[in-house]
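K.L.:
My structure is in structure_37.pdb, and what it holds is PDB, C-alpha atoms:
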```pdb
ATOM      1  CA  MET A 116      -4.102 -17.376-125.014
ATOM      2  CA  GLU A 117      -1.203 -16.827-127.399
ATOM      3  CA  VAL A 118      -0.956 -13.630-129.445
ATOM      4  CA  THR A 119      -1.268 -15.629-132.674
ATOM      5  CA  GLU A 120      -4.459 -17.205-131.381
ATOM      6  CA  VAL A 121      -5.896 -13.782-130.532
ATOM      7  CA  PHE A 122      -4.914 -12.587-134.007
ATOM      8  CA  GLU A 123      -6.785 -15.461-135.667
ATOM      9  CA  LYS A 124      -9.930 -14.697-133.671
ATOM     10  CA  VAL A 125      -9.632 -10.997-134.456
ATOM     11  CA  LYS A 126      -9.163 -11.777-138.129
ATOM     12  CA  ASN A 127     -12.293 -13.919-138.155
ATOM     13  CA  LEU A 128     -14.295 -11.108-136.566
ATOM     14  CA  PHE A 129     -13.123  -8.646-139.201
ATOM     15  CA  VAL A 130     -14.044 -11.073-141.942
ATOM     16  CA  ASP A 131     -17.384 -12.163-140.456
ATOM     17  CA  GLU A 132     -18.613  -8.881-138.962
ATOM     18  CA  LEU A 133     -17.360  -6.418-141.550
ATOM     19  CA  GLY A 134     -16.911  -8.519-144.647
ATOM     20  CA  ILE A 135     -13.241  -7.589-145.028
ATOM     21  CA  ASP A 136     -11.009  -9.772-147.219
ATOM     22  CA  ALA A 137      -9.023 -12.140-145.010
ATOM     23  CA  GLU A 138      -5.710 -11.478-146.781
ATOM     24  CA  LYS A 139      -5.987  -7.763-146.026
ATOM     25  CA  VAL A 140      -6.086  -8.411-142.279
ATOM     26  CA  THR A 141      -2.442  -8.370-141.177
ATOM     27  CA  MET A 142      -0.884  -7.199-137.913
ATOM     28  CA  GLU A 143       0.377  -4.081-139.704
ATOM     29  CA  ALA A 144      -2.913  -3.168-141.428
ATOM     30  CA  LYS A 145      -4.263   0.261-140.472
ATOM     31  CA  LEU A 146      -7.935   0.082-139.541
ATOM     32  CA  GLU A 147      -9.110   3.212-141.296
ATOM     33  CA  GLU A 148      -6.692   3.545-144.209
ATOM     34  CA  ASP A 149      -6.006  -0.073-145.160
ATOM     35  CA  LEU A 150      -9.254  -1.744-144.126
ATOM     36  CA  ASP A 151     -11.656   1.145-144.824
ATOM     37  CA  ILE A 152     -13.325   0.837-141.440
ATOM     38  CA  ASP A 153     -15.285   3.952-140.453
ATOM     39  CA  SER A 154     -15.797   5.105-136.874
ATOM     40  CA  LEU A 155     -19.014   3.116-136.592
ATOM     41  CA  GLY A 156     -17.220   0.093-137.986
ATOM     42  CA  ILE A 157     -14.665   0.360-135.187
ATOM     43  CA  VAL A 158     -17.527   0.415-132.696
ATOM     44  CA  GLU A 159     -18.924  -2.726-134.301
ATOM     45  CA  VAL A 160     -15.553  -4.445-134.045
ATOM     46  CA  VAL A 161     -15.148  -3.415-130.407
ATOM     47  CA  MET A 162     -18.613  -4.738-129.536
ATOM     48  CA  ALA A 163     -17.792  -7.978-131.307
ATOM     49  CA  PHE A 164     -14.481  -8.210-129.352
ATOM     50  CA  GLU A 165     -16.347  -7.661-126.101
ATOM     51  CA  ASP A 166     -18.775 -10.473-126.904
ATOM     52  CA  GLU A 167     -16.152 -12.885-128.237
ATOM     53  CA  PHE A 168     -13.618 -12.424-125.433
ATOM     54  CA  GLU A 169     -16.126 -11.604-122.655
ATOM     55  CA  ILE A 170     -14.301  -8.436-121.664
ATOM     56  CA  GLU A 171     -15.137  -4.755-121.447
ATOM     57  CA  ILE A 172     -13.094  -2.225-123.347
ATOM     58  CA  ASP A 173     -13.046   1.409-122.215
ATOM     59  CA  ASP A 174     -13.145   4.110-124.853
ATOM     60  CA  GLU A 175      -9.845   5.502-123.468
ATOM     61  CA  GLU A 176      -8.089   2.235-124.205
ATOM     62  CA  LEU A 177      -8.994   2.593-127.856
ATOM     63  CA  THR A 178      -7.401   5.976-128.475
ATOM     64  CA  ASP A 179      -4.015   4.402-129.278
ATOM     65  CA  VAL A 180      -5.427   1.617-131.420
ATOM     66  CA  GLY A 181      -4.857   2.349-135.090
ATOM     67  CA  THR A 182      -3.749  -1.007-136.465
ATOM     68  CA  VAL A 183      -4.890  -4.595-136.233
ATOM     69  CA  GLY A 184      -1.712  -5.406-134.297
ATOM     70  CA  GLN A 185      -2.428  -2.750-131.690
ATOM     71  CA  ALA A 186      -5.950  -4.120-131.273
ATOM     72  CA  VAL A 187      -4.588  -7.647-130.903
ATOM     73  CA  ASN A 188      -2.057  -6.534-128.282
ATOM     74  CA  LEU A 189      -4.739  -4.641-126.334
ATOM     75  CA  LEU A 190      -6.973  -7.696-126.305
ATOM     76  CA  HIS A 191      -4.078 -10.005-125.422
ATOM     77  CA  SER A 192      -3.185  -7.791-122.465
ATOM     78  CA  LYS A 193      -6.738  -8.001-121.154
ATOM     79  CA  LEU A 194      -7.141 -11.765-121.344
TER      80      LEU A 194
ATOM     81  CA  MET B 685     -40.117 -12.918-140.306
ATOM     82  CA  LYS B 686     -38.988  -9.764-138.502
ATOM     83  CA  THR B 687     -39.391  -9.230-134.785
ATOM     84  CA  ALA B 688     -40.844  -6.101-133.189
ATOM     85  CA  LEU B 689     -40.843  -4.959-129.580
ATOM     86  CA  VAL B 690     -43.470  -2.449-128.509
ATOM     87  CA  THR B 691     -42.947  -0.894-125.089
ATOM     88  CA  GLY B 692     -46.157   0.054-123.326
ATOM     89  CA  GLY B 693     -47.937  -2.362-125.637
ATOM     90  CA  SER B 694     -50.830  -3.300-123.382
ATOM     91  CA  ARG B 695     -52.964  -0.206-123.875
ATOM     92  CA  GLY B 696     -53.768   2.738-126.109
ATOM     93  CA  ILE B 697     -51.386   3.582-128.924
ATOM     94  CA  GLY B 698     -48.972   0.774-128.036
ATOM     95  CA  LYS B 699     -51.745  -1.807-128.168
ATOM     96  CA  ALA B 700     -52.994  -0.562-131.551
ATOM     97  CA  ALA B 701     -49.423  -0.529-132.886
ATOM     98  CA  ALA B 702     -48.761  -4.070-131.621
ATOM     99  CA  LEU B 703     -51.959  -5.374-133.225
ATOM    100  CA  LYS B 704     -51.161  -3.705-136.540
ATOM    101  CA  ILE B 705     -47.509  -4.809-136.664
ATOM    102  CA  GLY B 706     -48.646  -8.291-135.622
ATOM    103  CA  GLU B 707     -50.161  -8.684-139.078
ATOM    104  CA  SER B 708     -46.671  -8.976-140.568
ATOM    105  CA  CYS B 709     -44.110  -9.451-137.761
ATOM    106  CA  ASN B 710     -43.443 -11.374-134.588
ATOM    107  CA  VAL B 711     -44.452  -9.042-131.782
ATOM    108  CA  ALA B 712     -43.262  -8.752-128.208
ATOM    109  CA  VAL B 713     -45.909  -6.817-126.315
ATOM    110  CA  GLY B 714     -43.984  -5.021-123.584
ATOM    111  CA  TYR B 715     -45.792  -4.139-120.363
ATOM    112  CA  SER B 716     -44.732  -2.726-117.009
ATOM    113  CA  SER B 717     -47.757  -3.488-114.842
ATOM    114  CA  SER B 718     -50.711  -4.462-117.051
ATOM    115  CA  LYS B 719     -49.764  -8.087-117.549
ATOM    116  CA  GLU B 720     -53.255  -9.403-118.284
ATOM    117  CA  GLN B 721     -53.976  -6.693-120.819
ATOM    118  CA  ALA B 722     -50.665  -7.353-122.562
ATOM    119  CA  GLU B 723     -51.474 -11.067-122.706
ATOM    120  CA  GLU B 724     -54.847 -10.239-124.250
ATOM    121  CA  VAL B 725     -53.083  -8.210-126.944
ATOM    122  CA  ALA B 726     -50.679 -11.087-127.620
ATOM    123  CA  ASN B 727     -53.594 -13.528-127.739
ATOM    124  CA  SER B 728     -55.470 -11.338-130.239
ATOM    125  CA  ILE B 729     -52.415 -11.326-132.510
ATOM    126  CA  LYS B 730     -52.138 -15.104-132.239
ATOM    127  CA  ALA B 731     -55.864 -15.554-132.857
ATOM    128  CA  ALA B 732     -55.421 -13.603-136.098
ATOM    129  CA  GLY B 733     -52.666 -16.022-137.160
ATOM    130  CA  GLY B 734     -49.630 -14.059-135.979
ATOM    131  CA  ASN B 735     -46.861 -14.691-133.460
ATOM    132  CA  ALA B 736     -46.749 -12.756-130.209
ATOM    133  CA  ILE B 737     -45.699 -12.878-126.576
ATOM    134  CA  ALA B 738     -46.298 -10.560-123.649
ATOM    135  CA  VAL B 739     -43.051  -9.550-121.907
ATOM    136  CA  ASN B 740     -42.437  -7.515-118.804
ATOM    137  CA  ILE B 741     -40.219  -4.488-119.389
ATOM    138  CA  ASP B 742     -39.586  -1.639-116.987
ATOM    139  CA  VAL B 743     -37.825   0.959-119.118
ATOM    140  CA  THR B 744     -36.430   2.682-116.021
ATOM    141  CA  ASN B 745     -34.401  -0.437-115.201
ATOM    142  CA  GLN B 746     -31.593  -1.704-117.455
ATOM    143  CA  ASP B 747     -31.702  -5.204-115.944
ATOM    144  CA  SER B 748     -35.392  -5.468-116.753
ATOM    145  CA  ILE B 749     -34.720  -4.263-120.295
ATOM    146  CA  ASN B 750     -31.911  -6.789-120.736
ATOM    147  CA  SER B 751     -34.024  -9.709-119.548
ATOM    148  CA  CYS B 752     -36.885  -8.631-121.791
ATOM    149  CA  PHE B 753     -34.580  -8.612-124.819
ATOM    150  CA  GLU B 754     -33.144 -12.000-123.849
ATOM    151  CA  ILE B 755     -36.634 -13.477-123.699
ATOM    152  CA  VAL B 756     -37.544 -12.000-127.083
ATOM    153  CA  GLU B 757     -34.269 -13.185-128.639
ATOM    154  CA  LYS B 758     -34.885 -16.688-127.327
ATOM    155  CA  GLU B 759     -38.521 -16.812-128.434
ATOM    156  CA  PHE B 760     -38.161 -15.123-131.835
ATOM    157  CA  SER B 761     -34.908 -13.432-132.883
ATOM    158  CA  SER B 762     -32.999 -10.236-132.252
ATOM    159  CA  VAL B 763     -35.244  -7.162-132.320
ATOM    160  CA  HIS B 764     -35.498  -5.682-135.824
ATOM    161  CA  ILE B 765     -38.136  -3.107-134.952
ATOM    162  CA  LEU B 766     -38.353  -1.135-131.729
ATOM    163  CA  ILE B 767     -41.378   0.996-130.907
ATOM    164  CA  ASN B 768     -40.523   3.287-128.002
ATOM    165  CA  ASN B 769     -44.011   3.957-126.776
ATOM    166  CA  ALA B 770     -43.910   3.536-122.982
ATOM    167  CA  GLY B 771     -44.654   6.844-121.351
ATOM    168  CA  VAL B 772     -46.082   8.456-118.256
ATOM    169  CA  THR B 773     -47.463  11.844-117.298
ATOM    170  CA  LYS B 774     -47.181  13.672-114.001
ATOM    171  CA  ASP B 775     -48.810  16.971-114.842
ATOM    172  CA  ASN B 776     -48.568  20.153-112.858
ATOM    173  CA  ILE B 777     -48.373  23.804-113.692
ATOM    174  CA  PHE B 778     -44.699  24.705-114.084
ATOM    175  CA  PRO B 779     -44.246  26.950-110.999
ATOM    176  CA  ARG B 780     -45.563  24.088-108.850
ATOM    177  CA  LEU B 781     -43.881  21.162-110.599
ATOM    178  CA  LYS B 782     -41.848  19.074-108.186
ATOM    179  CA  GLN B 783     -38.447  17.907-109.281
ATOM    180  CA  GLU B 784     -39.361  14.324-108.439
ATOM    181  CA  ASP B 785     -42.172  14.542-110.999
ATOM    182  CA  TRP B 786     -39.806  16.087-113.526
ATOM    183  CA  ASP B 787     -37.257  13.332-112.914
ATOM    184  CA  ALA B 788     -39.778  10.493-113.078
ATOM    185  CA  VAL B 789     -41.212  11.607-116.418
ATOM    186  CA  ILE B 790     -37.786  12.224-117.991
ATOM    187  CA  ASP B 791     -36.527   8.886-116.670
ATOM    188  CA  THR B 792     -39.353   6.875-118.236
ATOM    189  CA  ASN B 793     -40.125   8.792-121.406
ATOM    190  CA  LEU B 794     -36.677   9.983-122.491
ATOM    191  CA  THR B 795     -34.016   7.984-120.666
ATOM    192  CA  GLY B 796     -36.144   4.851-120.988
ATOM    193  CA  SER B 797     -36.061   5.205-124.764
ATOM    194  CA  PHE B 798     -32.305   5.764-124.633
ATOM    195  CA  ARG B 799     -31.891   2.521-122.689
ATOM    196  CA  THR B 800     -34.099   0.371-124.906
ATOM    197  CA  SER B 801     -32.698   1.830-128.116
ATOM    198  CA  GLN B 802     -29.105   1.266-127.061
ATOM    199  CA  ARG B 803     -29.906  -2.322-126.167
ATOM    200  CA  ALA B 804     -31.666  -2.874-129.486
ATOM    201  CA  ILE B 805     -29.114  -1.160-131.703
ATOM    202  CA  LYS B 806     -26.480  -3.852-131.297
ATOM    203  CA  GLY B 807     -28.608  -6.491-132.990
ATOM    204  CA  MET B 808     -29.749  -4.014-135.637
ATOM    205  CA  MET B 809     -26.109  -3.206-136.485
ATOM    206  CA  LYS B 810     -25.391  -6.907-136.834
ATOM    207  CA  ASN B 811     -28.443  -7.388-139.039
ATOM    208  CA  LYS B 812     -27.612  -4.248-141.015
ATOM    209  CA  TRP B 813     -31.306  -3.441-140.832
ATOM    210  CA  GLY B 814     -33.377  -1.767-138.167
ATOM    211  CA  ARG B 815     -36.354   0.444-137.474
ATOM    212  CA  ILE B 816     -36.763   2.587-134.394
ATOM    213  CA  VAL B 817     -39.946   4.588-133.926
ATOM    214  CA  PHE B 818     -40.295   7.001-131.049
ATOM    215  CA  ILE B 819     -43.792   7.944-129.951
ATOM    216  CA  SER B 820     -43.431  11.593-129.026
ATOM    217  CA  SER B 821     -46.306  14.061-128.780
ATOM    218  CA  VAL B 822     -47.477  17.363-130.199
ATOM    219  CA  ALA B 823     -46.707  18.609-126.681
ATOM    220  CA  GLY B 824     -43.045  18.078-127.571
ATOM    221  CA  LEU B 825     -43.435  20.335-130.601
ATOM    222  CA  SER B 826     -45.687  23.041-129.206
ATOM    223  CA  GLY B 827     -45.581  22.698-125.433
ATOM    224  CA  ASN B 828     -48.720  22.135-123.406
ATOM    225  CA  VAL B 829     -50.028  23.796-120.279
ATOM    226  CA  GLY B 830     -49.279  21.693-117.215
ATOM    227  CA  GLN B 831     -46.898  19.391-119.076
ATOM    228  CA  SER B 832     -43.447  20.989-118.971
ATOM    229  CA  ASN B 833     -41.873  17.687-117.904
ATOM    230  CA  TYR B 834     -43.791  15.616-120.447
ATOM    231  CA  ALA B 835     -43.204  18.127-123.257
ATOM    232  CA  ALA B 836     -39.473  18.285-122.481
ATOM    233  CA  SER B 837     -39.216  14.495-122.477
ATOM    234  CA  LYS B 838     -41.074  14.243-125.773
ATOM    235  CA  ALA B 839     -38.999  17.019-127.369
ATOM    236  CA  GLY B 840     -35.857  15.241-126.177
ATOM    237  CA  LEU B 841     -36.832  12.151-128.135
ATOM    238  CA  ILE B 842     -36.606  14.183-131.327
ATOM    239  CA  GLY B 843     -32.930  15.021-130.778
ATOM    240  CA  LEU B 844     -32.221  11.421-129.866
ATOM    241  CA  ALA B 845     -33.992  10.057-132.930
ATOM    242  CA  LYS B 846     -32.350  12.497-135.317
ATOM    243  CA  THR B 847     -28.875  11.709-133.989
ATOM    244  CA  ILE B 848     -29.414   7.960-134.192
ATOM    245  CA  SER B 849     -30.589   8.439-137.779
ATOM    246  CA  LYS B 850     -27.324  10.181-138.676
ATOM    247  CA  GLU B 851     -25.041   7.771-136.850
ATOM    248  CA  LEU B 852     -26.642   4.578-138.107
ATOM    249  CA  GLY B 853     -28.117   5.366-141.493
ATOM    250  CA  SER B 854     -25.176   3.632-143.155
ATOM    251  CA  ARG B 855     -26.363   0.382-141.571
ATOM    252  CA  ASN B 856     -29.908   0.662-142.955
ATOM    253  CA  ILE B 857     -31.251   1.614-139.563
ATOM    254  CA  THR B 858     -33.897   4.320-139.626
ATOM    255  CA  SER B 859     -35.060   6.297-136.648
ATOM    256  CA  ASN B 860     -38.206   8.393-136.790
ATOM    257  CA  VAL B 861     -40.599  10.176-134.482
ATOM    258  CA  ILE B 862     -44.376  10.262-134.482
ATOM    259  CA  ALA B 863     -46.011  13.154-132.671
ATOM    260  CA  PRO B 864     -49.605  12.176-131.926
ATOM    261  CA  GLY B 865     -52.133  14.888-131.206
ATOM    262  CA  TYR B 866     -55.207  14.246-129.065
ATOM    263  CA  ILE B 867     -55.752  10.510-129.199
ATOM    264  CA  ASP B 868     -58.566   8.743-127.381
ATOM    265  CA  THR B 869     -56.614   6.688-124.801
ATOM    266  CA  ASP B 870     -56.381   6.283-121.025
ATOM    267  CA  MET B 871     -53.879   9.137-121.054
ATOM    268  CA  THR B 872     -56.529  11.586-122.317
ATOM    269  CA  SER B 873     -59.512  10.049-120.518
ATOM    270  CA  PHE B 874     -59.527  12.796-117.891
ATOM    271  CA  LEU B 875     -60.811  15.324-120.456
ATOM    272  CA  ASP B 876     -64.522  16.155-120.069
ATOM    273  CA  ASP B 877     -66.890  16.576-123.002
ATOM    274  CA  GLU B 878     -66.538  20.338-123.063
ATOM    275  CA  GLN B 879     -62.744  20.094-123.205
ATOM    276  CA  LYS B 880     -63.034  17.536-125.997
ATOM    277  CA  GLU B 881     -65.294  19.863-127.989
ATOM    278  CA  ASP B 882     -62.748  22.653-127.480
ATOM    279  CA  ILE B 883     -59.975  20.450-128.812
ATOM    280  CA  ILE B 884     -61.983  19.274-131.796
ATOM    281  CA  GLY B 885     -62.626  22.920-132.623
ATOM    282  CA  GLN B 886     -58.870  23.386-133.157
ATOM    283  CA  LEU B 887     -58.584  20.460-135.554
ATOM    284  CA  SER B 888     -58.949  20.267-139.327
ATOM    285  CA  ILE B 889     -60.286  16.719-139.102
ATOM    286  CA  LYS B 890     -63.235  17.126-136.754
ATOM    287  CA  ARG B 891     -62.735  14.214-134.422
ATOM    288  CA  VAL B 892     -60.383  13.092-131.666
ATOM    289  CA  GLY B 893     -57.743  10.699-132.980
ATOM    290  CA  LYS B 894     -57.952   6.939-132.596
ATOM    291  CA  PRO B 895     -54.981   4.792-131.544
ATOM    292  CA  GLU B 896     -55.284   3.130-134.952
ATOM    293  CA  ASP B 897     -54.511   6.462-136.641
ATOM    294  CA  ILE B 898     -51.082   6.324-135.011
ATOM    295  CA  ALA B 899     -50.668   2.585-135.504
ATOM    296  CA  ASN B 900     -50.978   2.987-139.282
ATOM    297  CA  MET B 901     -48.081   5.445-139.297
ATOM    298  CA  VAL B 902     -46.032   3.220-137.004
ATOM    299  CA  SER B 903     -46.606   0.292-139.321
ATOM    300  CA  PHE B 904     -45.465   2.252-142.365
ATOM    301  CA  LEU B 905     -42.325   3.546-140.644
ATOM    302  CA  CYS B 906     -41.431  -0.040-139.683
ATOM    303  CA  SER B 907     -41.803  -1.406-143.166
ATOM    304  CA  ASP B 908     -39.300  -1.819-146.000
ATOM    305  CA  GLU B 909     -41.277   0.797-147.939
ATOM    306  CA  SER B 910     -40.071   3.555-145.593
ATOM    307  CA  GLU B 911     -36.363   2.808-146.051
ATOM    308  CA  TYR B 912     -35.563   6.300-147.411
ATOM    309  CA  ILE B 913     -37.269   8.127-144.547
ATOM    310  CA  THR B 914     -35.201   8.781-141.445
ATOM    311  CA  GLY B 915     -34.607  11.378-138.757
ATOM    312  CA  GLN B 916     -38.045  12.896-139.290
ATOM    313  CA  VAL B 917     -40.913  13.935-137.078
ATOM    314  CA  PHE B 918     -44.445  13.117-138.226
ATOM    315  CA  PRO B 919     -47.316  14.832-136.459
ATOM    316  CA  VAL B 920     -50.430  12.656-136.679
ATOM    317  CA  ASP B 921     -52.848  15.080-135.164
ATOM    318  CA  GLY B 922     -55.829  15.816-137.375
ATOM    319  CA  GLY B 923     -54.231  19.091-138.386
ATOM    320  CA  LEU B 924     -53.698  20.495-134.874
ATOM    321  CA  THR B 925     -50.167  21.766-135.552
ATOM    322  CA  THR B 926     -50.770  22.877-139.142
TER     323      THR B 926
END
```
Hey, can you dump this file as structure tokens for me?

P.N.:
Amino acid sequence: MEVTEVFEKVKNLFVDELGIDAEKVTMEAKLEEDLDIDSLGIVEVVMAFEDEFEIEIDDEELTDVGTVGQAVNLLHSKL
Amino acid sequence: MKTALVTGGSRGIGKAAALKIGESCNVAVGYSSSKEQAEEVANSIKAAGGNAIAVNIDVTNQDSINSCFEIVEKEFSSVHILINNAGVTKDNIFPRLKQEDWDAVIDTNLTGSFRTSQRAIKGMMKNKWGRIVFISSVAGLSGNVGQSNYAASKAGLIGLAKTISKELGSRNITSNVIAPGYIDTDMTSFLDDEQKEDIIGQLSIKRVGKPEDIANMVSFLCSDESEYITGQVFPVDGGLTT
């Protein structure tokens, strides 16, 4: 799967699961500051990623994820 | 229509709770060994015009929990309401309590509720609505002779419920605990008449509790009306712990 394809899927999850405006979801967007996602929201996104991509994400892998782009790259690397 | 899962729903408090909730929700009557009794409960709900199924669930086994939830999701929907009622006792006076009896009671009563709640919470987060009710015991509040394992497991549920209430309140998920006193069920059937009289003497309401007394509280805590109540412990005990 291409990175752009992963990004589109990620964007849809943010929009569908968390009701975030689609135009706000860019590769550079910071999860907490720009998208107003709280810690529980991040958990929701991670669970949605796990279901959508049929993967398991360890908590340690998430420590460096602060932006949409970093999440996309993490997912891309696991596919 | 919302969907409720009651663990240990074939007998006693779980049965009364399932019947009561069945008046307004789809109900999955969870059982570990009493299949026929659970089916009778489901049939009673259906006979009264409700929707119900009996489902096997061993709360000590995550695979069993997962298949139970899959069956319920297929039959009805994701679980909106979880009643953590399944419980066991293995009583012995503390100096003689074997670790295997400690472990078994903690594994079913406390860890079992952790497993089912974690499985249920995912759907509740998606729905942005959920109700979890833990059936604890006055033994968890006050201790009880011969029940150090049971009391510890039931006290543990309180910490679990309160933490879930804080973590998930923002998603309209409430998590509350009911602490029944002496309720007339199989679990208290070993008491003789003299012991029962002794117990009644300690109560403000001069009778042993009925499973329905607990079921009414369960039903309220599962309703929309209770949306502002979370992280609390409600003794339903005829005044025993007053």

K.L.:
Written as an mmCIF file with C-alpha atoms, in the coordinates of the input, which residues does the ChimeraX specification (/B :<8) & /A give for the file shown?

P.N.:
```
data_model
loop_
_atom_site.group_PDB
_atom_site.id
_atom_site.type_symbol
_atom_site.label_atom_id
_atom_site.label_comp_id
_atom_site.auth_asym_id
_atom_site.auth_seq_id
_atom_site.Cartn_x
_atom_site.Cartn_y
_atom_site.Cartn_z
ATOM 1 C CA GLU A 132 -18.613 -8.881 -138.962
ATOM 2 C CA LEU A 155 -19.014 3.116 -136.592
ATOM 3 C CA GLU A 159 -18.924 -2.726 -134.301
#
```

K.L.:
Would you please work out which residue, of A:Thr119, A:Asn188, A:Ser154, A:Thr182, is nearest to Lys139 in chain A when using only C-alpha atoms?

P.N.:
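For Lys139 in chain A, the nearest of the given residues is A:Thr182.
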
K.L.:
Exactly which residues make up the result of the PyMOL selection byres ((chain A and resi 157) around 12) on this file, given as a list in words?

P.N.:
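Those residues are Leu128, Phe129, Glu132, Leu133, Lys145, Leu146, Glu147, Leu150, Asp151, Ile152, Asp153, Ser154, Leu155, Gly156, Val158, Glu159, Val160, Val161, Met162, Ala163, Phe164, Asp174, Leu177, Thr178, Val180, Gly181, Thr182, Val183 and Ala186 of chain A.
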
K.L.:
I'd like to see the residues matched by the PyMOL selection byres ((chain B and resi 715-732) around 8) on this file, and ideally I'd get them as a list in words.

P.N.:
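With the PyMOL selection byres ((chain B and resi 715-732) around 8) on this model, the match is Thr691, Gly692, Gly693, Ser694, Arg695, Lys699, Ala702, Leu703, Gly706, Glu707, Val711, Ala712, Val713, Gly714, Gly733, Gly734, Asn735, Ala736, Ile737, Ala738, Val739, Asn740, Ile741 and Asp742 of chain B.
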
K.L.:
Which residue out of B:Ile816, B:Ala770, B:Ala688, B:Val902 has the minimum interatomic distance to Gly853 in chain B when only C-alpha atoms are used?

P.N.:
B:Ile816

K.L.:
Name the residues within 10 Å of (-7.3, -4.5, -120.7), counting only C-alpha atoms in the file's coordinates, and put them as a PyMOL selection string.

P.N.:
chain A and resi 170-173+176+188-194

K.L.:
May I have the residues within 7 Å of Leu794 in chain B as an NGL selection string, using all atoms listed in the file and disregarding those fewer than 3 positions away in the same chain?

P.N.:
:B and (790-791 or 797-798 or 837-838 or 840-841)

K.L.:
Write a file of the just-selected residues containing C-alpha atoms, as a compact mmCIF listing (two decimals), keeping the file's coordinate frame.

P.N.:
```
# COMPACT_ATOMS: atom_id res chain seq x y z
CA ILE B 790 -37.79 12.22 -117.99
CA ASP B 791 -36.53 8.89 -116.67
CA SER B 797 -36.06 5.20 -124.76
CA PHE B 798 -32.30 5.76 -124.63
CA SER B 837 -39.22 14.50 -122.48
CA LYS B 838 -41.07 14.24 -125.77
CA GLY B 840 -35.86 15.24 -126.18
CA LEU B 841 -36.83 12.15 -128.14
```

K.L.:
Just to confirm, what's the straight-line distance from CA of Asp921 in chain B to CA of Pro864 in chain B in Å (one decimal)?

P.N.:
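Interatomic distance here is 5.4 Å.
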
K.L.:
Quick one: distance from CA of Trp786 in chain B to CA of Lys880 in chain B in Å, one decimal?

P.N.:
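Going from CA of Trp786 in chain B over to CA of Lys880 in chain B covers 26.4 Å.
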
K.L.:
Using all atoms listed in the file, determine which residues lie at most 12 Å from Gln746 in chain B, disregarding the query and same-chain residues fewer than 2 positions distant; provide the list as number ranges by chain.

P.N.:
B: 741-744, 748-753, 791-792, 795-803

K.L.:
Quote the spacing between CA of Ser832 in chain B and CA of Asp775 in chain B in Å to one decimal place.

P.N.:
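So the answer is 7.9 Å.
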
K.L.:
If we count all atoms listed in the file and set the cut-off at 7 Å, which residues sit around Ser849 in chain B, ignoring sequence neighbours fewer than 6 positions away in its own chain? Please answer as a VMD selection string.

P.N.:
chain B and resid 858 to 859 914 to 915

K.L.:
Please list as a PyMOL selection string every residue within 8 Å of Met685 in chain B, counting all atoms listed in the file and excluding residues in the same chain fewer than 2 positions away.

P.N.:
chain B and resi 687+708-710

K.L.:
Taking all atoms listed in the file into account, which of B:Ile805, B:Met871, B:Ile862, B:Val920 comes nearest Gly893 in chain B?

P.N.:
B:Val920

K.L.:
Writing C-alpha atoms and nothing else, produce range 145-177 of chain A as a PDB file, in the first residue's frame.

P.N.:
```pdb
ATOM      1  CA  LYS A 145      -0.406  17.655  15.432  1.00  0.00           C
ATOM      2  CA  LEU A 146      -2.831  15.228  17.048  1.00  0.00           C
ATOM      3  CA  GLU A 147      -3.293  17.008  20.344  1.00  0.00           C
ATOM      4  CA  GLU A 148      -2.739  20.662  19.453  1.00  0.00           C
ATOM      5  CA  ASP A 149      -4.186  20.908  15.944  1.00  0.00           C
ATOM      6  CA  LEU A 150      -6.855  18.210  16.048  1.00  0.00           C
ATOM      7  CA  ASP A 151      -7.836  18.487  19.732  1.00  0.00           C
ATOM      8  CA  ILE A 152      -7.574  14.752  20.288  1.00  0.00           C
ATOM      9  CA  ASP A 153      -7.293  13.807  23.968  1.00  0.00           C
ATOM     10  CA  SER A 154      -5.444  10.752  25.250  1.00  0.00           C
ATOM     11  CA  LEU A 155      -8.592   8.645  25.056  1.00  0.00           C
ATOM     12  CA  GLY A 156      -9.162   9.896  21.533  1.00  0.00           C
ATOM     13  CA  ILE A 157      -5.718   8.619  20.558  1.00  0.00           C
ATOM     14  CA  VAL A 158      -6.659   5.238  22.000  1.00  0.00           C
ATOM     15  CA  GLU A 159      -9.823   5.275  19.906  1.00  0.00           C
ATOM     16  CA  VAL A 160      -7.832   6.081  16.780  1.00  0.00           C
ATOM     17  CA  VAL A 161      -5.303   3.338  17.514  1.00  0.00           C
ATOM     18  CA  MET A 162      -8.074   0.774  18.026  1.00  0.00           C
ATOM     19  CA  ALA A 163      -9.665   1.883  14.778  1.00  0.00           C
ATOM     20  CA  PHE A 164      -6.266   1.545  12.997  1.00  0.00           C
ATOM     21  CA  GLU A 165      -5.865  -1.952  14.398  1.00  0.00           C
ATOM     22  CA  ASP A 166      -9.285  -2.975  13.095  1.00  0.00           C
ATOM     23  CA  GLU A 167      -8.938  -1.274   9.709  1.00  0.00           C
ATOM     24  CA  PHE A 168      -5.427  -2.516   8.914  1.00  0.00           C
ATOM     25  CA  GLU A 169      -5.638  -5.811  10.859  1.00  0.00           C
ATOM     26  CA  ILE A 170      -2.437  -5.124  12.766  1.00  0.00           C
ATOM     27  CA  GLU A 171      -1.440  -4.780  16.397  1.00  0.00           C
ATOM     28  CA  ILE A 172       0.238  -1.638  17.620  1.00  0.00           C
ATOM     29  CA  ASP A 173       2.342  -1.722  20.791  1.00  0.00           C
ATOM     30  CA  ASP A 174       2.090   1.185  23.188  1.00  0.00           C
ATOM     31  CA  GLU A 175       5.874   1.731  22.831  1.00  0.00           C
ATOM     32  CA  GLU A 176       5.496   2.335  19.117  1.00  0.00           C
ATOM     33  CA  LEU A 177       3.156   5.211  19.841  1.00  0.00           C
TER      34      LEU A 177
END
```
